[in-house]
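Undergrad: Pasting final-v4.cif here (mmCIF, C-alpha atoms and all ligand atoms):
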data_upload
#
loop_
_atom_site.label_atom_id
_atom_site.label_comp_id
_atom_site.auth_asym_id
_atom_site.auth_seq_id
_atom_site.Cartn_x
_atom_site.Cartn_y
_atom_site.Cartn_z
CA MET A 1 -6.58 25.95 39.78
CA LYS A 2 -2.97 25.36 40.75
CA ILE A 3 -1.03 24.68 37.56
CA CYS A 4 2.68 23.95 37.32
CA VAL A 5 4.09 24.86 33.92
CA MET A 6 7.11 22.94 32.62
CA PRO A 7 8.30 24.29 29.28
CA GLY A 8 11.25 21.88 28.93
CA ASP A 9 13.45 21.82 25.83
CA GLY A 10 13.45 22.50 22.10
CA ILE A 11 10.17 24.01 20.95
CA GLY A 12 8.73 23.43 24.46
CA PRO A 13 9.09 27.05 25.67
CA GLU A 14 7.50 28.48 22.50
CA ILE A 15 4.45 26.24 22.42
CA ILE A 16 3.95 26.47 26.18
CA GLY A 17 4.16 30.24 25.85
CA GLN A 18 1.07 30.26 23.64
CA ALA A 19 -0.90 27.90 25.90
CA VAL A 20 -0.02 30.09 28.90
CA ARG A 21 -1.36 33.12 27.03
CA VAL A 22 -4.66 31.27 26.62
CA LEU A 23 -4.72 30.48 30.36
CA GLU A 24 -3.97 34.11 31.15
CA VAL A 25 -6.94 35.24 29.08
CA LEU A 26 -9.14 32.85 31.08
CA ARG A 27 -7.65 34.13 34.33
CA GLY A 28 -8.39 37.68 33.19
CA GLU A 29 -12.03 36.64 32.89
CA GLY A 30 -12.02 35.50 36.51
CA LEU A 31 -10.96 31.85 36.50
CA PRO A 32 -8.87 31.23 39.65
CA ILE A 33 -5.76 30.13 37.79
CA GLU A 34 -2.40 30.12 39.62
CA LEU A 35 0.70 29.44 37.53
CA GLU A 36 4.14 28.30 38.74
CA THR A 37 7.02 27.40 36.44
CA ALA A 38 9.47 24.53 36.95
CA LEU A 39 12.55 23.22 35.19
CA VAL A 40 12.55 19.78 33.58
CA GLY A 41 14.58 17.77 31.09
CA GLY A 42 17.68 19.09 29.37
CA SER A 43 17.16 22.67 30.49
CA ALA A 44 17.02 21.38 34.08
CA ILE A 45 20.25 19.43 33.47
CA ASP A 46 21.92 22.61 32.25
CA ALA A 47 20.73 24.63 35.24
CA THR A 48 21.00 22.08 38.05
CA GLY A 49 22.78 18.95 36.79
CA THR A 50 19.67 16.76 36.91
CA PRO A 51 16.62 16.38 34.61
CA TYR A 52 14.22 16.20 37.55
CA PRO A 53 15.34 18.56 40.33
CA ASP A 54 13.86 18.31 43.84
CA ASP A 55 12.25 21.74 43.44
CA THR A 56 10.44 20.46 40.38
CA ARG A 57 9.23 17.38 42.25
CA ARG A 58 7.92 19.59 45.08
CA LEU A 59 6.13 21.97 42.74
CA ALA A 60 4.65 19.05 40.78
CA GLN A 61 3.38 17.45 43.97
CA ALA A 62 1.83 20.70 45.19
CA ALA A 63 0.07 21.45 41.88
CA GLU A 64 -3.27 20.05 40.75
CA ALA A 65 -2.19 19.92 37.13
CA ILE A 66 1.00 20.14 35.13
CA LEU A 67 1.25 21.69 31.69
CA PHE A 68 4.27 20.10 30.07
CA GLY A 69 6.04 21.12 26.85
CA SER A 70 8.61 18.64 25.62
CA VAL A 71 12.02 17.31 26.64
CA GLY A 72 15.19 16.11 24.96
CA GLY A 73 17.53 17.03 22.15
CA PRO A 74 20.89 16.13 20.63
CA LYS A 75 22.64 18.44 23.08
CA TRP A 76 22.11 15.86 25.84
CA ASP A 77 22.77 12.70 23.82
CA GLY A 78 26.03 12.16 25.65
CA VAL A 79 24.72 12.25 29.24
CA ALA A 80 24.46 9.11 31.40
CA ARG A 81 21.29 7.01 30.94
CA ASP A 82 19.89 7.81 34.36
CA LYS A 83 20.37 11.53 33.70
CA ARG A 84 18.81 11.73 30.24
CA PRO A 85 16.19 14.49 29.74
CA GLU A 86 13.45 11.82 29.34
CA ARG A 87 14.10 10.76 32.95
CA GLY A 88 12.40 13.98 34.01
CA LEU A 89 9.16 12.94 32.36
CA LEU A 90 9.40 9.32 33.48
CA GLY A 91 10.13 10.47 37.04
CA LEU A 92 7.04 12.69 37.08
CA ARG A 93 4.82 9.89 35.76
CA LYS A 94 6.06 7.44 38.36
CA ASP A 95 6.20 9.83 41.34
CA LEU A 96 2.73 11.21 40.76
CA GLU A 97 1.31 7.79 39.80
CA LEU A 98 0.02 9.11 36.50
CA PHE A 99 -0.94 5.66 35.31
CA ALA A 100 -3.62 6.51 32.76
CA ASN A 101 -2.44 8.12 29.55
CA LEU A 102 -5.23 9.32 27.26
CA ARG A 103 -4.16 9.97 23.68
CA PRO A 104 -6.98 10.97 21.36
CA ALA A 105 -6.31 10.78 17.63
CA ILE A 106 -8.83 13.02 15.94
CA LEU A 107 -8.73 14.05 12.33
CA TYR A 108 -10.01 17.58 11.92
CA PRO A 109 -12.10 17.77 8.73
CA GLU A 110 -10.07 20.77 7.57
CA LEU A 111 -6.89 18.69 7.70
CA VAL A 112 -8.01 15.55 5.91
CA ASN A 113 -5.35 16.06 3.23
CA ALA A 114 -2.58 16.24 5.80
CA SER A 115 -2.78 12.48 6.32
CA THR A 116 -0.63 10.18 4.21
CA LEU A 117 -3.61 7.80 4.07
CA LYS A 118 -6.47 8.11 1.59
CA PRO A 119 -9.15 10.53 2.77
CA GLU A 120 -11.84 7.82 2.74
CA VAL A 121 -9.76 5.71 5.15
CA VAL A 122 -9.25 8.48 7.69
CA ALA A 123 -12.05 11.02 7.20
CA GLY A 124 -13.94 11.40 10.47
CA LEU A 125 -11.35 9.46 12.46
CA ASP A 126 -11.89 9.81 16.21
CA ILE A 127 -10.16 7.18 18.33
CA LEU A 128 -8.84 7.24 21.85
CA ILE A 129 -5.76 5.29 22.87
CA ILE A 130 -5.46 4.60 26.57
CA ARG A 131 -1.93 3.64 27.47
CA GLU A 132 -0.89 2.34 30.88
CA LEU A 133 1.97 4.60 31.90
CA THR A 134 3.66 3.54 35.13
CA GLY A 135 4.33 -0.18 34.70
CA ASP A 136 5.47 -2.71 32.10
CA ILE A 137 8.96 -3.00 30.66
CA TYR A 138 9.47 0.75 31.21
CA PHE A 139 9.83 0.32 34.96
CA GLY A 140 10.18 -3.45 35.52
CA GLU A 141 13.13 -4.80 37.49
CA PRO A 142 15.65 -6.28 36.99
CA ARG A 143 16.98 -4.19 34.15
CA GLY A 144 20.45 -3.42 32.94
CA MET A 145 23.45 -4.27 30.85
CA GLU A 146 26.20 -6.60 32.04
CA VAL A 147 28.73 -9.14 30.91
CA ARG A 148 27.65 -12.79 31.02
CA ALA A 149 29.81 -15.65 29.80
CA GLY A 150 32.21 -13.21 28.21
CA GLU A 151 29.72 -11.16 26.22
CA ARG A 152 27.53 -8.18 26.92
CA VAL A 153 23.83 -8.73 27.51
CA GLY A 154 21.05 -6.19 27.90
CA PHE A 155 17.81 -7.03 29.71
CA ASN A 156 14.52 -5.54 30.88
CA THR A 157 11.52 -7.01 32.62
CA MET A 158 7.98 -6.91 31.30
CA ILE A 159 5.76 -7.12 34.38
CA TYR A 160 2.19 -6.20 35.34
CA SER A 161 0.30 -6.96 38.51
CA GLU A 162 -3.42 -7.68 38.27
CA SER A 163 -4.25 -4.53 40.24
CA GLU A 164 -2.34 -2.40 37.73
CA ILE A 165 -4.18 -4.06 34.85
CA ARG A 166 -7.55 -3.74 36.55
CA ARG A 167 -7.27 -0.01 37.20
CA ILE A 168 -6.28 0.84 33.62
CA ALA A 169 -8.93 -1.53 32.25
CA ARG A 170 -11.53 0.40 34.24
CA VAL A 171 -10.35 3.67 32.71
CA GLY A 172 -10.75 2.00 29.31
CA PHE A 173 -14.29 0.79 29.99
CA GLU A 174 -15.36 4.09 31.58
CA SER A 175 -14.02 6.03 28.60
CA ALA A 176 -15.73 3.70 26.11
CA ARG A 177 -18.97 4.22 28.02
CA LYS A 178 -18.73 7.97 27.36
CA ARG A 179 -18.10 7.42 23.64
CA GLY A 180 -18.96 4.62 21.22
CA HIS A 181 -19.18 1.78 23.81
CA LYS A 182 -16.43 -0.24 22.11
CA LEU A 183 -13.16 -1.19 23.77
CA CYS A 184 -10.31 -3.06 22.09
CA SER A 185 -7.64 -4.42 24.43
CA VAL A 186 -4.25 -4.96 22.78
CA ASP A 187 -1.76 -7.57 23.96
CA LYS A 188 0.67 -10.25 22.79
CA MET A 189 -0.79 -13.20 24.65
CA ASN A 190 0.38 -15.72 22.07
CA VAL A 191 3.97 -15.16 23.21
CA LEU A 192 4.13 -13.20 26.48
CA GLU A 193 2.76 -14.49 29.81
CA CYS A 194 2.63 -10.95 31.15
CA THR A 195 0.08 -10.08 28.51
CA GLN A 196 -1.87 -13.33 28.94
CA LEU A 197 -2.52 -12.04 32.45
CA TRP A 198 -3.46 -8.70 30.88
CA ARG A 199 -6.07 -10.39 28.68
CA ASP A 200 -7.43 -12.48 31.57
CA VAL A 201 -7.85 -9.49 33.88
CA VAL A 202 -9.38 -7.22 31.23
CA THR A 203 -11.87 -10.01 30.48
CA GLU A 204 -12.77 -10.26 34.18
CA VAL A 205 -13.31 -6.51 34.46
CA ALA A 206 -15.59 -6.63 31.39
CA ALA A 207 -18.24 -8.33 33.53
CA GLU A 208 -18.79 -4.97 35.28
CA TYR A 209 -19.45 -3.25 31.94
CA PRO A 210 -22.06 -5.25 30.04
CA ASP A 211 -22.89 -2.17 27.95
CA VAL A 212 -19.37 -2.01 26.47
CA ALA A 213 -18.37 -4.38 23.65
CA LEU A 214 -14.90 -5.73 24.47
CA SER A 215 -12.59 -7.18 21.84
CA HIS A 216 -8.98 -8.35 22.05
CA MET A 217 -6.29 -7.91 19.44
CA LEU A 218 -2.65 -8.94 19.20
CA VAL A 219 -0.36 -5.95 18.96
CA ASP A 220 1.11 -6.80 15.55
CA ASN A 221 -2.37 -7.13 14.09
CA ALA A 222 -3.42 -3.89 15.83
CA ALA A 223 -0.52 -2.07 14.16
CA MET A 224 -1.75 -3.39 10.81
CA GLN A 225 -5.44 -2.68 11.44
CA LEU A 226 -4.66 0.90 12.45
CA VAL A 227 -3.46 1.69 8.94
CA LYS A 228 -5.85 -0.66 7.14
CA ASN A 229 -9.10 0.42 8.73
CA PRO A 230 -8.55 2.75 11.67
CA LYS A 231 -12.21 3.70 11.97
CA GLN A 232 -13.06 0.21 13.26
CA PHE A 233 -11.69 1.39 16.63
CA ASP A 234 -13.36 3.47 19.31
CA VAL A 235 -11.22 3.11 22.45
CA ILE A 236 -8.01 1.05 22.58
CA VAL A 237 -6.48 0.09 25.93
CA THR A 238 -2.98 -1.32 26.14
CA GLY A 239 0.22 -1.50 28.17
CA ASN A 240 3.04 1.00 28.35
CA ILE A 241 5.35 -0.19 25.55
CA PHE A 242 2.66 -1.20 23.05
CA GLY A 243 0.86 2.06 23.81
CA ASP A 244 4.00 4.07 23.17
CA ILE A 245 4.32 2.59 19.71
CA LEU A 246 0.65 2.44 18.69
CA SER A 247 -0.04 5.98 19.85
CA ASP A 248 2.64 7.37 17.54
CA GLU A 249 1.16 5.34 14.72
CA ALA A 250 -2.35 6.58 15.51
CA ALA A 251 -1.14 10.17 15.74
CA MET A 252 0.41 9.90 12.29
CA LEU A 253 -2.89 8.69 10.81
CA THR A 254 -4.11 12.21 11.29
CA GLY A 255 -1.06 13.59 9.51
CA SER A 256 -0.78 16.31 12.07
CA ILE A 257 1.01 15.19 15.17
CA GLY A 258 1.33 18.90 15.96
CA MET A 259 -2.40 18.91 16.69
CA LEU A 260 -2.70 16.13 19.26
CA PRO A 261 -2.87 16.68 23.01
CA SER A 262 -2.62 14.08 25.77
CA ALA A 263 -3.47 13.65 29.42
CA SER A 264 -1.73 11.49 32.02
CA LEU A 265 -3.95 11.03 35.04
CA ASP A 266 -3.75 9.60 38.53
CA SER A 267 -6.73 8.02 40.26
CA ALA A 268 -7.85 11.31 41.82
CA GLY A 269 -7.95 13.51 38.72
CA LYS A 270 -4.55 15.10 39.02
CA GLY A 271 -2.94 15.21 35.62
CA LEU A 272 0.00 16.05 33.45
CA TYR A 273 -1.00 17.48 30.10
CA GLU A 274 1.34 17.54 27.14
CA PRO A 275 1.39 17.55 23.37
CA ILE A 276 2.04 14.12 21.85
CA HIS A 277 4.88 15.44 19.69
CA GLY A 278 8.46 15.82 20.83
CA SER A 279 10.86 18.73 21.27
CA ALA A 280 11.67 19.17 17.52
CA PRO A 281 15.13 20.67 18.13
CA ASP A 282 15.54 21.30 14.39
CA ILE A 283 12.92 24.05 14.42
CA ALA A 284 13.33 25.28 18.01
CA GLY A 285 13.46 29.02 18.60
CA ARG A 286 12.33 29.89 15.06
CA ASN A 287 8.65 30.67 15.62
CA LEU A 288 7.73 27.69 13.41
CA ALA A 289 6.25 25.17 15.85
CA ASN A 290 2.54 24.44 15.96
CA PRO A 291 1.21 25.45 19.41
CA LEU A 292 -2.23 23.85 18.91
CA ALA A 293 -1.44 20.49 20.54
CA THR A 294 -0.31 22.33 23.67
CA ILE A 295 -3.30 24.67 23.63
CA LEU A 296 -5.56 21.62 23.22
CA SER A 297 -3.71 20.01 26.14
CA SER A 298 -4.80 22.93 28.30
CA ALA A 299 -8.36 22.19 27.16
CA MET A 300 -7.98 18.57 28.31
CA MET A 301 -6.74 19.93 31.64
CA MET A 302 -9.90 21.98 32.06
CA ARG A 303 -12.01 18.92 31.26
CA TYR A 304 -10.26 16.21 33.28
CA THR A 305 -8.62 17.90 36.27
CA PHE A 306 -10.85 20.92 36.80
CA GLY A 307 -14.17 19.47 35.67
CA ARG A 308 -14.78 22.42 33.34
CA ALA A 309 -15.94 20.77 30.13
CA ASP A 310 -17.52 24.10 29.20
CA ILE A 311 -14.15 25.86 29.11
CA ALA A 312 -12.51 22.89 27.39
CA SER A 313 -15.11 23.06 24.62
CA ARG A 314 -14.60 26.78 24.30
CA ILE A 315 -10.86 26.34 23.72
CA GLU A 316 -11.47 23.47 21.27
CA THR A 317 -14.05 25.51 19.38
CA ALA A 318 -11.61 28.41 19.15
CA VAL A 319 -9.00 26.08 17.62
CA ARG A 320 -11.51 24.73 15.12
CA LYS A 321 -12.54 28.23 14.12
CA VAL A 322 -8.94 29.16 13.48
CA LEU A 323 -8.44 26.06 11.31
CA ALA A 324 -11.68 26.74 9.46
CA SER A 325 -10.48 30.26 8.72
CA GLY A 326 -7.55 28.71 6.86
CA LEU A 327 -4.72 29.55 9.21
CA ARG A 328 -1.94 26.91 9.27
CA THR A 329 1.48 26.50 10.79
CA ALA A 330 4.07 25.01 8.45
CA ASP A 331 3.56 21.40 9.63
CA ILE A 332 -0.08 21.36 8.51
CA ALA A 333 0.06 23.80 5.60
CA GLU A 334 -0.72 22.45 2.14
CA PRO A 335 2.05 22.91 -0.41
CA GLY A 336 1.96 26.36 -1.95
CA THR A 337 -0.06 28.01 0.81
CA ARG A 338 1.26 30.63 3.20
CA SER A 339 1.79 29.54 6.78
CA VAL A 340 1.91 31.52 10.00
CA GLY A 341 4.27 31.29 12.94
CA THR A 342 3.79 29.98 16.48
CA ARG A 343 2.93 33.35 17.90
CA GLU A 344 0.48 34.34 15.15
CA MET A 345 -1.31 31.04 15.65
CA GLY A 346 -1.55 31.82 19.38
CA ASP A 347 -2.90 35.30 18.55
CA ALA A 348 -5.57 33.78 16.32
CA VAL A 349 -6.72 31.27 18.95
CA ILE A 350 -6.96 34.04 21.54
CA GLY A 351 -8.91 36.14 19.06
CA ALA A 352 -11.33 33.27 18.41
CA LEU A 353 -11.66 32.56 22.14
C1 LIG A 401 6.02 9.37 24.89
C2 LIG A 401 7.52 9.46 24.70
C3 LIG A 401 8.18 9.04 26.01
C4 LIG A 401 7.82 7.59 26.25
C5 LIG A 401 9.70 9.27 26.05
C6 LIG A 401 10.04 10.73 25.80
C7 LIG A 401 10.29 8.81 27.34
O1 LIG A 401 7.92 8.68 23.62
O2 LIG A 401 5.50 10.06 25.77
O3 LIG A 401 5.40 8.62 24.15
O4 LIG A 401 8.48 6.68 25.74
O5 LIG A 401 6.86 7.35 26.98
MG MG A 402 6.33 7.81 22.54
#
Would you write out, as C-alpha cells, the structure that this file holds?
Ligand code: IPM
Ligand code: MG
TA:
Amino acid sequence: MKICVMPGDGIGPEIIGQAVRVLEVLRGEGLPIELETALVGGSAIDATGTPYPDDTRRLAQAAEAILFGSVGGPKWDGVARDKRPERGLLGLRKDLELFANLRPAILYPELVNASTLKPEVVAGLDILIIRELTGDIYFGEPRGMEVRAGERVGFNTMIYSESEIRRIARVGFESARKRGHKLCSVDKMNVLECTQLWRDVVTEVAAEYPDVALSHMLVDNAAMQLVKNPKQFDVIVTGNIFGDILSDEAAMLTGSIGMLPSASLDSAGKGLYEPIHGSAPDIAGRNLANPLATILSSAMMMRYTFGRADIASRIETAVRKVLASGLRTADIAEPGTRSVGTREMGDAVIGAL
C-alpha cells in the first residue's frame, strides 16, 4: 500500500498527523503500508516557489493513493493566479486523471443537532454526490482576461466531451446500484448547450442500468431541493462547477463539514483522499481542528483503492464509537459542553480502533 501523504497548509498538517497515526497503528498490525510525504500548496510555494513541485508530481505518480490535507490561506493571496496554492490540487487532479469525485454527506445520529436544518428534515441523511473533476469550466480553453473594445473582459469555457460525460455517468450508475438504486443527474439544459449534451449522454447510458431509477434536475432547483427535502436524493451526479457548489451545500446540511471525507478516483482505482473542508487558517496550529474527516478519508482509501472494506468499516466504527461516547471537537460541540483538541480526538479514535 504505497501512500503519498500531502499535509499542505493551515490545519492540514495537524489533521493529517492524526490520520497518519491511524495508518501507523494498522501498519503495526501487519498491513503493508508505505508512507512518503510530499509538499503541496502554499507550503510548497514557500519551500520551492511553486505549489506543485516536480518531486511532488513524481511521488504522486508513483503512489497508489494520496492522503491530502488542505491547501491555501491568506498568506498566499497575493501570488500570481497560476501559482496559487489551489493549483497544486488542480494539477494533481488533472495529471492523475482523478475524474470521479465522491462526496458522501452523512448525518451521524449523534450530531443531528449540529445541522442548521430541523432534525426531521435531516435525520438519517445519507446522500452521495458524484462530481466530475477534470473537465468543465475549471479546465476549458480558452480562458483568460483581456481588453476588448477598450474594456476588460474575463472569460472561461464550459466544455464536456461525450466520453467524459459517459465515464462519470457510469460511476454514478454503478454507485447507485450499490446503494438505493436512485440517480439524479443535475444540469442546466434550459440554458447551456454543454449541459444539454450532458443530459443526452446520461440518458443514453441509463439504458445499460435498467435497475437504477434515473431522474434529471436543473441545478437551481437541485440547490433548493437539497435544503427543502434532502432525503429525496440517493446519488447525485453532476459536472465540476455545479458539483463544487452543491457539495458544499450538501456538506452543510450535516452541520459538520469537519466530519466529511472525499475520494477522487481515476479509472483504475488510484485515488486522492481528502477532507471536504478547507485549510481553516484561523484555527491552524492551535490543536482545535477536527481530524475526523481526514481519518474517514483514510477509511475511504482502504475501501476504494486497496479493496479493504473490512478495514474501512473498522475505522468508521471507531469514529462512531468515539462520537457515541460524547467526545467532540469544538466545531461539533453543543454549546456549554466541553470539547477536546485535535490530538485527543486522534487518541480516542486509536483507542476505539
Ligand atoms: C473543492 C475546492 C477546490 C475546488 C478548490 C480548493 C480549488 O473548493 O475541492 O471543492 O474548487 O474544486
Ligand atoms: Mg469546493
Undergrad: Show me, as lines of an AutoDock Vina configuration file, the centre and edge lengths in Å to one decimal of the axis-aligned box that covers every listed atom of region 233-242 of chain A with 4 Å on each side.
TA:
center_x = -4.0
center_y = 1.0
center_z = 22.5
size_x = 26.7
size_y = 13.0
size_z = 19.7
Undergrad: Give the answer as one residue: which of A:Gly269, A:Gly124, A:Pro32, A:Gly180 has the shortest atom-to-atom distance to Ala105 (chain A), using all atoms listed in the file?
TA: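 Under the stated criterion, the closest residue is A:Gly124.
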Undergrad: Can you pull out the residues contacting region 135-150 of chain A? Cut-off 7 Å, using all atoms listed in the file, and skip same-chain residues under 4 positions away; I want them as a list of chain:residue names.
TA: A:Gly154, A:Phe155, A:Asn156, A:Thr157, A:Met158, A:Ile159, A:Tyr160, A:Gly239, A:Asn240, A:Ile241
Undergrad: Show me, as JSON lines, the residues of chain A having an atom within 7 Å of ligand LIG 401 (chain A), each with the closest atom pair and its distance in Å, using all atoms listed in the file.
TA:
{"residue": "A:Val71", "atom": "CA", "partner": "A:LIG401", "partner_atom": "C6", "distance": 6.9}
{"residue": "A:Glu86", "atom": "CA", "partner": "A:LIG401", "partner_atom": "C7", "distance": 4.8}
{"residue": "A:Leu89", "atom": "CA", "partner": "A:LIG401", "partner_atom": "C7", "distance": 6.6}
{"residue": "A:Leu90", "atom": "CA", "partner": "A:LIG401", "partner_atom": "C7", "distance": 6.2}
{"residue": "A:Asp244", "atom": "CA", "partner": "A:LIG401", "partner_atom": "O3", "distance": 4.9}
{"residue": "A:Ile276", "atom": "CA", "partner": "A:LIG401", "partner_atom": "O2", "distance": 6.6}
Undergrad: Write out the residues from the selection above, keeping C-alpha atoms, as an mmCIF file, in the coordinates of the input.
TA:
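Here's the written file result_18.cif:
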data_model
loop_
_atom_site.group_PDB
_atom_site.id
_atom_site.type_symbol
_atom_site.label_atom_id
_atom_site.label_comp_id
_atom_site.auth_asym_id
_atom_site.auth_seq_id
_atom_site.Cartn_x
_atom_site.Cartn_y
_atom_site.Cartn_z
ATOM 1 C CA VAL A 71 12.020 17.310 26.640
ATOM 2 C CA GLU A 86 13.450 11.820 29.340
ATOM 3 C CA LEU A 89 9.160 12.940 32.360
ATOM 4 C CA LEU A 90 9.400 9.320 33.480
ATOM 5 C CA ASP A 244 4.000 4.070 23.170
ATOM 6 C CA ILE A 276 2.040 14.120 21.850
#
Undergrad: Could you make a table, as a tab-separated table, of the residues of chain A that have an atom within 9 Å of an atom of ligand MG 402 (chain A), each with its nearest atom pair and distance in Å to one decimal, counting all atoms listed in the file, in chain and number order?
TA:
residue	atom	partner	partner_atom	distance
A:Ile241	CA	A:MG402	MG	8.6
A:Gly243	CA	A:MG402	MG	8.0
A:Asp244	CA	A:MG402	MG	4.5
A:Ile245	CA	A:MG402	MG	6.3
A:Leu246	CA	A:MG402	MG	8.7
A:Ser247	CA	A:MG402	MG	7.2
A:Asp248	CA	A:MG402	MG	6.2
A:Ile276	CA	A:MG402	MG	7.7
A:His277	CA	A:MG402	MG	8.3
A:Gly278	CA	A:MG402	MG	8.5
Undergrad: With a cut-off of 10 Å, could you pull out the residues of region 258-290 of chain A touching region 345-348 of chain A and give me the nearest pair of atoms for each, distance in Å to one decimal, using only C-alpha atoms, ordered by chain and ascending number, as CSV?
TA:
residue,atom,partner,partner_atom,distance
A:Asn287,CA,A:Met345,CA,10.0
A:Leu288,CA,A:Met345,CA,9.9
A:Ala289,CA,A:Met345,CA,9.6
A:Asn290,CA,A:Met345,CA,7.6
Undergrad: What's the 12 Å shell around Gly258 (chain A), counting only C-alpha atoms, without same-chain residues fewer than 6 positions away, as a PyMOL selection string?
TA: chain A and resi 11+15+105-107+111+114+248+251-252+274-280+288-297+328-333+342
Undergrad: Quick check, in Å to one decimal: how far apart do CA of Leu272 (chain A) and CA of Ala223 (chain A) lie?
TA: 26.5 Å
Undergrad: Looking at A:Pro109, A:Pro210, A:Gly73, A:Gly172, which one is nearest to Lys321 (chain A), with distances taken over all atoms listed in the file?
TA: A:Pro109
Undergrad: May I ask which of the residues A:Leu117, A:Val20, A:Leu39, A:Val202 is the closest one to Gly255 (chain A), counting only C-alpha atoms?
TA: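 Of all the options, A:Leu117 lies closest to Gly255 (chain A).
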Undergrad: Smallest atom-to-atom distance to Val322 (chain A): which of A:Gly91, A:Lys182, A:Glu132, A:Glu110, using only C-alpha atoms?
TA: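 Closest candidate: A:Glu110.
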Undergrad: How far is it from CA of Tyr52 (chain A) to CA of Lys2 (chain A), in Å with one decimal?
TA: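 So the answer is 19.7 Å.
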Undergrad: Considering all atoms listed in the file, can you say which of A:Val171, A:Val186, A:Val191, A:Leu133 comes closest to Phe99 (chain A)?
TA: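 Selected residue with least distance to Phe99 (chain A): A:Leu133.
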Undergrad: Using all atoms listed in the file, which of A:Phe173, A:Tyr273, A:Trp198, A:Tyr108 sits nearest Gly69 (chain A)?
TA: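 The closest residue to Gly69 (chain A) is A:Tyr273.
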